[in-house]
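Following: one structure in structure tokens, then a few remarks.
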Amino acid sequence: MKRITVLVIILFGVNFSKAQTTTDPDIKAVQQLVQDVFDDVWSDYKKETLNKYHTKDFIILEHGEVWTNDTIADWCVRAAKRDQGVERINSFDFFKTEKTADRIWMAYHNYATFKGSQGESKMQWLESVIAIKTDSGWKLQMMHSTRLPRKN
């Protein structure tokens, strides 16, 4: 019985590690897209980059609210006005990916570290995205985001 348990654990570990790494250029492109949108939009408040990263009909289900590109652009303006020089550093743990010819669905943990004059804090979200292949490359069509308890 111990041998079967050990074998199941080994097989699960091998399968799980394969899900976290990829050589597929489309999957890598969408992972980079997620990184870029968080760096440009959510960290640097660059509303002018929304069309570069999102489809025109993009929505995000943000902690119980539905946001559109217009909602996010308004948020960027407000966030830039209240910015106190806090740096946001984003990192991601992609743990599930499904791909079809022109669509990629990903689930991941989003980690943000905020550094400023008041010190450092961390936040985490559980998120998913749907990206579609367009004439200009991969774009996000939908995102779901759930905040997890704050860590300091």
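Residue numbering restarts at 1 for every chain of the structure tokens, chains are lettered A, B, ... in their displayed order, and ligands are numbered from 1 as they appear.
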
Residues of segment 86-152 of chain A in strand (DSSP E or B), written as a ChimeraX atom specification: /A:87-99,103-116,119-134,137-147,151

Distance query segment 117-125 of chain A at most 12 Å, only C-alpha atoms, self and fewer than 3 positions along chain excluded, as a PyMOL selection string: chain A and resi 62-63+84-93+107-114+128+143-152

Spatial neighbours of segment 139-142 of chain A, max dist 12 Å, only C-alpha atoms, sep filter under 6 positions, as JSON, numbers by chain: {"A": [26, 29, 30, 31, 32, 33, 34, 35, 36, 37, 38, 49, 50, 51, 52, 53, 54, 55, 56, 57, 58, 59, 60, 61, 62, 66, 67, 68, 69, 102, 103, 104, 105, 106, 107, 127, 128, 129, 130, 131, 132, 133]}

Residues as selected, C-alpha atoms, written as a compact mmCIF listing (two decimals), in the first residue's frame, can you do that?
```txt
# COMPACT_ATOMS: atom_id res chain seq x y z
CA ASP A 26 1.42 31.24 -27.22
CA ALA A 29 2.96 35.25 -24.74
CA VAL A 30 -0.22 35.29 -22.64
CA GLN A 31 1.78 34.96 -19.41
CA GLN A 32 3.82 37.99 -20.54
CA LEU A 33 0.58 39.78 -21.46
CA VAL A 34 -0.67 39.32 -17.90
CA GLN A 35 2.65 40.63 -16.53
CA ASP A 36 2.58 43.64 -18.88
CA VAL A 37 -1.01 44.63 -18.16
CA PHE A 38 -0.35 44.58 -14.43
CA THR A 49 -2.41 51.01 -22.89
CA LEU A 50 -5.79 49.35 -22.32
CA ASN A 51 -6.45 48.86 -26.06
CA LYS A 52 -3.03 47.24 -26.41
CA TYR A 53 -3.84 44.57 -23.80
CA HIS A 54 -7.65 44.22 -23.80
CA THR A 55 -10.31 43.49 -26.38
CA LYS A 56 -12.93 46.22 -26.83
CA ASP A 57 -15.50 44.10 -24.96
CA PHE A 58 -13.14 43.22 -22.07
CA ILE A 59 -14.67 42.79 -18.62
CA ILE A 60 -13.18 42.00 -15.24
CA LEU A 61 -15.12 40.48 -12.38
CA GLU A 62 -13.30 42.36 -9.65
CA VAL A 66 -18.12 44.15 -13.10
CA TRP A 67 -15.54 46.52 -14.60
CA THR A 68 -15.12 47.47 -18.26
CA ASN A 69 -12.27 49.24 -20.04
CA ASP A 102 -7.36 30.92 -30.72
CA ARG A 103 -8.16 31.03 -26.99
CA ILE A 104 -6.16 30.51 -23.81
CA TRP A 105 -7.61 30.25 -20.32
CA MET A 106 -5.28 30.61 -17.32
CA ALA A 107 -5.65 30.46 -13.56
CA GLU A 127 -7.34 35.20 -10.67
CA SER A 128 -8.15 33.82 -14.08
CA VAL A 129 -8.02 35.26 -17.58
CA ILE A 130 -9.34 34.39 -21.00
CA ALA A 131 -7.13 35.62 -23.84
CA ILE A 132 -8.02 35.50 -27.51
CA LYS A 133 -5.75 35.63 -30.54
```

Distance in Å - atom CA of Lys47 of chain A versus atom CA of Lys99 of chain A: 28.3 Å

Picked from segment 31-142 of chain A by DSSP as helix (DSSP H, G or I), as a PyMOL selection string: chain A and resi 31-43+47-53+69-82

Nearest to Val41 of chain A by atom-to-atom distance, counting only C-alpha atoms, from A:Glu65, A:Arg82, A:Cys76, A:Asp70: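 Selected residue with least distance to Val41 of chain A: A:Cys76.
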
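The spacing separating atom CA of Val77 of chain A from atom CA of Leu126 of chain A amounts to 25.0 Å.
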
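In this model, the gap between atom CA of Thr22 of chain A and atom CA of Glu98 of chain A comes to 11.8 Å.
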
For Thr134 of chain A, the nearest of the candidates A:Gly64, A:Ala101, A:Gly116, A:Lys28, counting only C-alpha atoms: A:Ala101
